[in-house]
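Next comes final-v4.cif, with mmCIF, C-alpha atoms and all ligand atoms.
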data_work
#
loop_
_atom_site.group_PDB
_atom_site.id
_atom_site.type_symbol
_atom_site.label_atom_id
_atom_site.label_comp_id
_atom_site.auth_asym_id
_atom_site.auth_seq_id
_atom_site.Cartn_x
_atom_site.Cartn_y
_atom_site.Cartn_z
ATOM 1 C CA MET A 1 -69.348 188.003 125.548
ATOM 2 C CA SER A 2 -70.343 191.648 125.071
ATOM 3 C CA ALA A 3 -68.240 193.868 122.804
ATOM 4 C CA GLU A 4 -67.019 196.351 125.433
ATOM 5 C CA LEU A 5 -65.326 193.738 127.605
ATOM 6 C CA PRO A 6 -61.534 193.797 127.320
ATOM 7 C CA THR A 7 -59.831 190.704 125.965
ATOM 8 C CA LEU A 8 -56.454 189.118 126.584
ATOM 9 C CA ASN A 9 -55.188 190.457 123.262
ATOM 10 C CA ASP A 10 -55.864 194.125 124.142
ATOM 11 C CA PRO A 11 -52.797 196.233 124.956
ATOM 12 C CA PRO A 12 -52.609 197.527 128.533
ATOM 13 C CA PRO A 13 -54.993 200.538 128.696
ATOM 14 C CA ALA A 14 -52.233 202.744 130.114
ATOM 15 C CA ALA A 15 -49.880 202.125 127.184
ATOM 16 C CA GLY A 16 -51.175 205.109 125.203
ATOM 17 C CA ARG A 17 -50.806 207.710 127.978
ATOM 18 C CA SER A 18 -48.082 210.283 127.584
ATOM 19 C CA GLU A 19 -48.262 212.306 130.847
ATOM 20 C CA ALA A 20 -46.248 211.482 133.973
ATOM 21 C CA ILE A 21 -47.862 209.155 136.511
ATOM 22 C CA GLY A 22 -49.646 210.804 139.446
ATOM 23 C CA PRO A 23 -49.318 209.702 143.077
ATOM 24 C CA GLY A 24 -50.812 206.368 144.264
ATOM 25 C CA SER A 25 -49.468 203.940 141.657
ATOM 26 C CA VAL A 26 -46.927 201.281 142.519
ATOM 27 C CA CYS A 27 -45.048 198.685 140.468
ATOM 28 C CA LEU A 28 -46.806 195.315 140.562
ATOM 29 C CA GLY A 29 -43.427 193.610 140.437
ATOM 30 C CA CYS A 30 -41.749 195.236 143.430
ATOM 31 C CA THR A 31 -44.212 197.881 144.806
ATOM 32 C CA TYR A 32 -41.811 200.683 143.775
ATOM 33 C CA ASP A 33 -43.595 204.076 143.849
ATOM 34 C CA LEU A 34 -44.163 205.045 140.196
ATOM 35 C CA THR A 35 -45.069 208.704 140.861
ATOM 36 C CA GLY A 36 -43.520 211.051 138.282
ATOM 37 C CA LEU A 37 -42.405 208.294 135.884
ATOM 38 C CA MET A 38 -43.645 207.911 132.291
ATOM 39 C CA PRO A 39 -46.180 205.111 131.593
ATOM 40 C CA HIS A 40 -44.273 203.730 128.597
ATOM 41 C CA GLY A 41 -41.062 203.183 130.558
ATOM 42 C CA GLN A 42 -39.868 200.384 132.806
ATOM 43 C CA CYS A 43 -39.726 200.133 136.575
ATOM 44 C CA PRO A 44 -36.299 201.431 137.687
ATOM 45 C CA GLU A 45 -36.205 198.823 140.459
ATOM 46 C CA CYS A 46 -37.169 195.572 138.721
ATOM 47 C CA GLY A 47 -37.513 196.423 135.003
ATOM 48 C CA LYS A 48 -41.186 195.425 134.714
ATOM 49 C CA PRO A 49 -42.993 197.483 132.009
ATOM 50 C CA ILE A 50 -44.826 200.263 133.893
ATOM 51 C CA ALA A 51 -47.863 199.997 131.595
ATOM 52 C CA GLU A 52 -48.553 196.534 133.039
ATOM 53 C CA SER A 53 -48.749 197.964 136.557
ATOM 54 C CA LEU A 54 -51.200 200.649 135.420
ATOM 55 C CA SER A 55 -53.413 198.421 133.336
ATOM 56 C CA GLY A 56 -56.184 198.048 135.866
ATOM 57 C CA ASP A 57 -57.598 194.798 137.014
ATOM 58 C CA LEU A 58 -57.079 192.290 134.205
ATOM 59 C CA LEU A 59 -55.288 189.131 135.354
ATOM 60 C CA ALA A 60 -53.351 189.184 132.078
ATOM 61 C CA PHE A 61 -51.341 192.067 133.575
ATOM 62 C CA ALA A 62 -51.246 190.827 137.166
ATOM 63 C CA ASP A 63 -48.073 189.681 138.880
ATOM 64 C CA ALA A 64 -47.047 186.502 137.023
ATOM 65 C CA GLU A 65 -45.759 184.606 140.067
ATOM 66 C CA TRP A 66 -48.885 185.430 142.098
ATOM 67 C CA LEU A 67 -51.067 184.332 139.186
ATOM 68 C CA ARG A 68 -49.231 181.015 138.965
ATOM 69 C CA ARG A 69 -49.668 180.465 142.709
ATOM 70 C CA THR A 70 -53.374 181.211 142.543
ATOM 71 C CA HIS A 71 -53.768 178.803 139.635
ATOM 72 C CA ARG A 72 -51.749 176.109 141.395
ATOM 73 C CA GLY A 73 -53.689 176.576 144.642
ATOM 74 C CA LEU A 74 -57.085 176.163 142.965
ATOM 75 C CA ARG A 75 -55.861 172.988 141.264
ATOM 76 C CA ARG A 76 -54.710 171.636 144.634
ATOM 77 C CA VAL A 77 -58.110 172.303 146.228
ATOM 78 C CA THR A 78 -59.899 170.075 143.697
ATOM 79 C CA ARG A 79 -57.169 167.441 143.452
ATOM 80 C CA ALA A 80 -57.048 167.081 147.232
ATOM 81 C CA VAL A 81 -60.563 165.657 146.964
ATOM 82 C CA LEU A 82 -60.547 163.921 143.582
ATOM 83 C CA LEU A 83 -57.256 162.020 143.823
ATOM 84 C CA PRO A 84 -57.941 160.321 147.206
ATOM 85 C CA VAL A 85 -61.428 159.344 146.010
ATOM 86 C CA LEU A 86 -59.969 157.927 142.787
ATOM 87 C CA PHE A 87 -57.253 156.127 144.751
ATOM 88 C CA ALA A 88 -59.821 154.664 147.158
ATOM 89 C CA CYS A 89 -61.991 153.446 144.248
ATOM 90 C CA LEU A 90 -58.998 151.820 142.520
ATOM 91 C CA SER A 91 -57.939 150.232 145.834
ATOM 92 C CA ILE A 92 -61.385 148.740 146.381
ATOM 93 C CA ILE A 93 -61.466 147.344 142.833
ATOM 94 C CA GLY A 94 -57.941 145.966 143.301
ATOM 95 C CA ALA A 95 -58.830 144.384 146.644
ATOM 96 C CA VAL A 96 -61.960 142.739 145.234
ATOM 97 C CA LEU A 97 -60.066 141.337 142.222
ATOM 98 C CA LEU A 98 -57.316 140.045 144.510
ATOM 99 C CA SER A 99 -59.826 138.364 146.830
ATOM 100 C CA VAL A 100 -61.578 136.699 143.890
ATOM 101 C CA ALA A 101 -58.223 135.466 142.550
ATOM 102 C CA VAL A 102 -57.253 134.069 145.984
ATOM 103 C CA ASP A 103 -60.604 132.315 146.394
ATOM 104 C CA SER A 104 -60.447 130.632 142.985
ATOM 105 C CA ALA A 105 -56.753 129.610 143.092
ATOM 106 C CA THR A 106 -56.623 128.166 146.660
ATOM 107 C CA PRO A 107 -52.996 129.273 147.259
ATOM 108 C CA SER A 108 -50.661 128.145 150.049
ATOM 109 C CA LYS A 109 -50.932 129.550 153.581
ATOM 110 C CA ALA A 110 -47.866 131.776 153.071
ATOM 111 C CA VAL A 111 -49.282 133.376 149.911
ATOM 112 C CA LYS A 112 -52.649 133.847 151.627
ATOM 113 C CA SER A 113 -51.126 135.638 154.619
ATOM 114 C CA PHE A 114 -48.931 137.718 152.296
ATOM 115 C CA ILE A 115 -52.000 138.857 150.348
ATOM 116 C CA SER A 116 -54.026 139.642 153.459
ATOM 117 C CA GLY A 117 -51.025 141.645 154.722
ATOM 118 C CA LEU A 118 -50.924 143.461 151.387
ATOM 119 C CA LEU A 119 -54.626 144.306 151.660
ATOM 120 C CA MET A 120 -54.084 145.627 155.170
ATOM 121 C CA VAL A 121 -51.232 147.867 153.957
ATOM 122 C CA LEU A 122 -53.435 149.129 151.111
ATOM 123 C CA PHE A 123 -56.215 149.879 153.596
ATOM 124 C CA TRP A 124 -53.930 151.915 155.850
ATOM 125 C CA ILE A 125 -52.410 153.803 152.911
ATOM 126 C CA ASN A 126 -55.970 154.811 152.020
ATOM 127 C CA VAL A 127 -56.677 155.896 155.586
ATOM 128 C CA VAL A 128 -53.532 158.062 155.637
ATOM 129 C CA VAL A 129 -54.267 159.553 152.179
ATOM 130 C CA LEU A 130 -57.853 160.377 153.163
ATOM 131 C CA ALA A 131 -56.697 161.863 156.468
ATOM 132 C CA CYS A 132 -54.121 164.083 154.718
ATOM 133 C CA ALA A 133 -56.452 165.205 151.909
ATOM 134 C CA PRO A 134 -58.308 167.958 153.840
ATOM 135 C CA PHE A 135 -54.993 169.489 154.908
ATOM 136 C CA VAL A 136 -53.705 169.423 151.320
ATOM 137 C CA GLY A 137 -56.942 171.141 150.262
ATOM 138 C CA LEU A 138 -56.520 173.747 153.002
ATOM 139 C CA HIS A 139 -52.952 174.348 151.860
ATOM 140 C CA GLY A 140 -54.361 174.753 148.337
ATOM 141 C CA TRP A 141 -56.675 177.520 149.531
ATOM 142 C CA PHE A 142 -53.832 179.262 151.360
ATOM 143 C CA THR A 143 -51.729 179.072 148.176
ATOM 144 C CA ALA A 144 -54.584 180.347 145.996
ATOM 145 C CA THR A 145 -55.336 183.271 148.309
ATOM 146 C CA THR A 146 -51.878 184.753 148.854
ATOM 147 C CA LEU A 147 -51.717 188.539 148.943
ATOM 148 C CA GLU A 148 -51.430 190.035 145.475
ATOM 149 C CA PRO A 149 -48.325 192.224 145.302
ATOM 150 C CA GLY A 150 -48.874 195.904 144.619
ATOM 151 C CA ARG A 151 -52.669 195.734 144.551
ATOM 152 C CA HIS A 152 -54.716 197.497 147.179
ATOM 153 C CA ASP A 153 -58.290 196.282 147.032
ATOM 154 C CA GLU A 154 -59.929 196.122 150.450
ATOM 155 C CA ARG A 155 -62.852 194.019 149.298
ATOM 156 C CA ALA A 156 -60.636 191.449 147.575
ATOM 157 C CA ASP A 157 -58.413 191.327 150.636
ATOM 158 C CA ARG A 158 -61.388 190.747 152.950
ATOM 159 C CA VAL A 159 -62.727 187.953 150.728
ATOM 160 C CA ARG A 160 -59.254 186.414 150.558
ATOM 161 C CA ARG A 161 -58.914 186.354 154.357
ATOM 162 C CA PHE A 162 -62.438 185.025 154.903
ATOM 163 C CA VAL A 163 -61.822 182.176 152.428
ATOM 164 C CA ARG A 164 -58.809 181.155 154.501
ATOM 165 C CA TRP A 165 -60.413 181.404 157.923
ATOM 166 C CA SER A 166 -63.678 179.810 156.890
ATOM 167 C CA ALA A 167 -61.706 176.869 155.431
ATOM 168 C CA VAL A 168 -59.763 176.489 158.700
ATOM 169 C CA VAL A 169 -62.939 176.675 160.814
ATOM 170 C CA TRP A 170 -64.747 174.207 158.555
ATOM 171 C CA LEU A 171 -61.887 171.696 158.737
ATOM 172 C CA ALA A 172 -61.511 172.106 162.515
ATOM 173 C CA LEU A 173 -65.242 171.547 163.058
ATOM 174 C CA THR A 174 -65.218 168.537 160.713
ATOM 175 C CA LEU A 175 -62.389 166.952 162.705
ATOM 176 C CA ALA A 176 -64.117 167.811 165.984
ATOM 177 C CA SER A 177 -67.395 166.239 164.873
ATOM 178 C CA LEU A 178 -65.584 163.142 163.553
ATOM 179 C CA GLY A 179 -64.010 162.848 167.001
ATOM 180 C CA GLY A 180 -67.473 163.305 168.484
ATOM 181 C CA LEU A 181 -69.025 160.541 166.367
ATOM 182 C CA GLY A 182 -67.478 157.888 168.605
ATOM 183 C CA SER A 183 -68.794 159.527 171.736
ATOM 184 C CA TYR A 184 -72.384 159.729 170.402
ATOM 185 C CA SER A 185 -72.641 155.970 170.572
ATOM 186 C CA LEU A 186 -71.459 156.102 174.204
ATOM 187 C CA VAL A 187 -73.949 158.825 175.172
ATOM 188 C CA GLY A 188 -76.880 156.725 173.940
ATOM 189 C CA PRO A 189 -79.648 157.280 171.404
ATOM 190 C CA GLY A 190 -81.474 160.254 173.017
ATOM 191 C CA ALA A 191 -78.721 162.733 173.862
ATOM 192 C CA GLY A 192 -76.502 161.185 171.166
ATOM 193 C CA THR A 193 -78.996 161.966 168.397
ATOM 194 C CA TYR A 194 -79.389 165.512 169.654
ATOM 195 C CA ALA A 195 -75.602 166.014 169.735
ATOM 196 C CA PHE A 196 -75.310 164.467 166.278
ATOM 197 C CA TRP A 197 -77.806 166.903 164.739
ATOM 198 C CA MET A 198 -76.304 169.833 166.613
ATOM 199 C CA SER A 199 -72.853 169.088 165.230
ATOM 200 C CA TRP A 200 -74.295 168.564 161.705
ATOM 201 C CA SER A 201 -76.013 171.951 161.885
ATOM 202 C CA VAL A 202 -72.826 173.677 163.010
ATOM 203 C CA LEU A 203 -70.898 171.901 160.227
ATOM 204 C CA ALA A 204 -73.485 172.931 157.628
ATOM 205 C CA ALA A 205 -73.273 176.546 158.793
ATOM 206 C CA ALA A 206 -69.461 176.465 158.586
ATOM 207 C CA ALA A 207 -69.586 174.925 155.103
ATOM 208 C CA ALA A 208 -72.138 177.496 153.914
ATOM 209 C CA PHE A 209 -69.966 180.317 155.271
ATOM 210 C CA HIS A 210 -66.925 178.953 153.435
ATOM 211 C CA TYR A 211 -68.876 178.406 150.196
ATOM 212 C CA TRP A 212 -70.069 182.005 150.242
ATOM 213 C CA TYR A 213 -66.561 183.425 150.422
ATOM 214 C CA ALA A 214 -64.983 180.806 148.128
ATOM 215 C CA MET A 215 -67.545 181.661 145.446
ATOM 216 C CA SER A 216 -66.984 185.384 146.032
ATOM 217 C CA PHE A 217 -63.279 184.775 145.514
ATOM 218 C CA VAL A 218 -63.936 182.892 142.250
ATOM 219 C CA ARG A 219 -66.252 185.675 141.112
ATOM 220 C CA LEU A 220 -63.595 188.355 141.693
ATOM 221 C CA LEU A 221 -61.091 186.283 139.689
ATOM 222 C CA ALA A 222 -63.628 185.613 136.918
ATOM 223 C CA ASN A 223 -64.277 189.373 136.591
ATOM 224 C CA ARG A 224 -60.604 189.851 135.914
ATOM 225 C CA VAL A 225 -60.080 187.021 133.375
ATOM 226 C CA PRO A 226 -62.709 188.160 132.147
ATOM 227 C CA ALA A 227 -64.985 185.117 132.125
ATOM 228 C CA PRO A 228 -68.609 186.378 132.253
ATOM 229 C CA ARG A 229 -70.047 182.852 132.379
ATOM 230 C CA LEU A 230 -67.927 181.913 135.377
ATOM 231 C CA THR A 231 -68.834 185.238 137.014
ATOM 232 C CA ARG A 232 -72.533 184.396 136.691
ATOM 233 C CA GLN A 233 -71.946 180.793 137.768
ATOM 234 C CA ALA A 234 -70.087 181.860 140.930
ATOM 235 C CA ARG A 235 -72.705 184.512 141.739
ATOM 236 C CA THR A 236 -75.556 181.982 141.466
ATOM 237 C CA ALA A 237 -73.510 179.368 143.328
ATOM 238 C CA ARG A 238 -73.077 181.696 146.312
ATOM 239 C CA PHE A 239 -76.785 181.481 147.093
ATOM 240 C CA GLY A 240 -77.332 178.002 145.651
ATOM 241 C CA LEU A 241 -74.631 176.366 147.760
ATOM 242 C CA VAL A 242 -75.761 178.037 150.977
ATOM 243 C CA ILE A 243 -79.378 176.947 150.378
ATOM 244 C CA ALA A 244 -78.379 173.411 149.330
ATOM 245 C CA THR A 245 -76.144 173.018 152.398
ATOM 246 C CA THR A 246 -78.668 174.293 154.938
ATOM 247 C CA ALA A 247 -82.208 173.679 153.631
ATOM 248 C CA GLY A 248 -80.948 170.821 151.405
ATOM 249 C CA MET A 249 -80.183 168.826 154.563
ATOM 250 C CA LEU A 250 -83.889 168.005 154.725
ATOM 251 C CA VAL A 251 -83.782 166.210 151.339
ATOM 252 C CA CYS A 252 -82.362 162.936 152.691
ATOM 253 C CA GLY A 253 -79.182 164.862 153.561
ATOM 254 C CA LEU A 254 -78.254 164.941 149.868
ATOM 255 C CA GLY A 255 -78.158 168.757 149.641
ATOM 256 C CA PRO A 256 -74.715 169.127 151.281
ATOM 257 C CA ILE A 257 -73.228 166.376 149.099
ATOM 258 C CA GLY A 258 -74.570 168.015 145.932
ATOM 259 C CA ALA A 259 -73.344 171.392 147.172
ATOM 260 C CA PHE A 260 -69.845 170.049 147.807
ATOM 261 C CA ILE A 261 -69.642 168.491 144.315
ATOM 262 C CA TYR A 262 -70.859 171.711 142.686
ATOM 263 C CA TYR A 263 -68.405 173.759 144.776
ATOM 264 C CA LEU A 264 -65.554 171.603 143.425
ATOM 265 C CA ALA A 265 -66.919 171.925 139.871
ATOM 266 C CA VAL A 266 -66.926 175.750 140.070
ATOM 267 C CA ILE A 267 -63.370 175.789 141.457
ATOM 268 C CA ASP A 268 -62.284 173.438 138.670
ATOM 269 C CA THR A 269 -63.877 175.776 136.110
ATOM 270 C CA ALA A 270 -62.039 178.711 137.711
ATOM 271 C CA HIS A 271 -58.781 176.761 137.490
ATOM 272 C CA SER A 272 -59.440 176.028 133.786
ATOM 273 C CA SER A 273 -60.334 179.666 133.105
ATOM 274 C CA LEU A 274 -57.045 180.851 134.597
ATOM 275 C CA LYS A 275 -55.005 178.345 132.608
ATOM 276 C CA PRO A 276 -54.791 180.328 129.305
ATOM 277 C CA VAL A 277 -53.936 183.537 131.209
ATOM 278 C CA VAL A 278 -51.180 181.796 133.186
ATOM 279 C CA ARG A 279 -49.861 180.131 130.037
ATOM 280 C CA ARG A 280 -49.775 183.469 128.242
ATOM 281 C CA ARG A 281 -47.955 185.121 131.146
ATOM 282 C CA GLY A 282 -45.429 182.289 131.122
ATOM 283 C CA GLN A 283 -44.484 183.226 127.557
ATOM 284 C CA VAL A 284 -44.025 186.955 128.275
HETATM 285 ZN ZN ZN B 301 -40.720 197.169 139.945
#
Could I get this file's structure written as structure tokens?
Ligand SMILES: [Zn+2]
Amino acid sequence: MSAELPTLNDPPPAAGRSEAIGPGSVCLGCTYDLTGLMPHGQCPECGKPIAESLSGDLLAFADAEWLRRTHRGLRRVTRAVLLPVLFACLSIIGAVLLSVAVDSATPSKAVKSFISGLLMVLFWINVVVLACAPFVGLHGWFTATTLEPGRHDERADRVRRFVRWSAVVWLALTLASLGGLGSYSLVGPGAGTYAFWMSWSVLAAAAAFHYWYAMSFVRLLANRVPAPRLTRQARTARFGLVIATTAGMLVCGLGPIGAFIYYLAVIDTAHSSLKPVVRRRGQV
């Protein structure tokens, strides 16, 4: 990390000012207009130290509740994928072990039907969990990208909104193409194959669009931690994920899978990078 970058231990840059605040500054706690007040005082509305509202972009001085939500949302995005996959893996292992046990023990008819019923229940729980996971992930993105109180940054706001809409479009197209999968087999190999590749291309484009804005969002957060490594990682990932998702389709279709895993890894890193800042804010 270069020497001029601010750290979490620095005091808010505005703390040393002694002149009254000019127009255009609002309290980050309640958006109260701070014009004419002294920087070392407290917000007359909510009591938040004014210096924190004037301290620029560092997340260490951002609205604590918003920061917690962002952190929580990012965690939900990754967990919405990882937990169902883990659950499915454990279920498969459990089912295999159970089947082996049943085969070797030759139990009564009642026990056999009970176990096959149990396996069916386990299967359907997995189906429901997997079906809910994308919506939990979407909710995670909406939580992570809530409007930051008292901060007026047009670029950040645009990125925030695009992350949300691209996630919605991606999920809607995924569901639509899953619904279409059944109909491809009805259409027949010729037209069916064409429709299949068309829907894959549209899905890849939607994913690439979402990746671009999700990585832009992570980069904006990383700038404000500050976490220079994550900033670079997110910047590279913006291009890398788009290329892997589109051109990577040609490599046995593995590009999009790799891109999705890397996308989750960057979000997980972002979540970990926010953790110390959130923890520190929790103690203030
Ligand atoms: Zn206030």
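Among all protein and nucleic acid residues, the ones that lie within 6 Å of ligand ZN 301 (chain B) when counting all atoms listed in the file are Cys27, Gly29, Cys30, Tyr32, Cys43, Glu45, Cys46, Gly47 and Lys48 of chain A.
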Using all atoms listed in the file, the best pick from A:Thr106, A:Thr231, A:Asn223, A:Ser199 as closest to Asp57 (chain A) would be A:Asn223
Check your understanding: What is the distance between CA of Pro256 (chain A) and CA of Tyr211 (chain A), in Å to one decimal?
Key ->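 Rounded to one decimal, the two atoms are 11.0 Å apart.
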Can you list, as a PyMOL selection string, the residues that the PyMOL selection byres (((chain A and resi 87-89) around 10) and not hetatm) selects here?
chain A and resi 82-86+90-95+122-123+125-127+129-130
Inset, instruction - Find the spatial neighbours of Gly36 (chain A), counting only C-alpha atoms, within a cut-off of 7 Å - ignore same-chain residues fewer than 5 positions away - and output them as a ChimeraX atom specification. - result: /A:20-22
- Message: Counting all atoms listed in the file, which residue out of A:Leu74, A:Ala247, A:Ala195, A:Val169 sits closest to Ala270 (chain A)?
- Response: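 Counting all atoms listed in the file, the residue closest to Ala270 (chain A) is A:Leu74.
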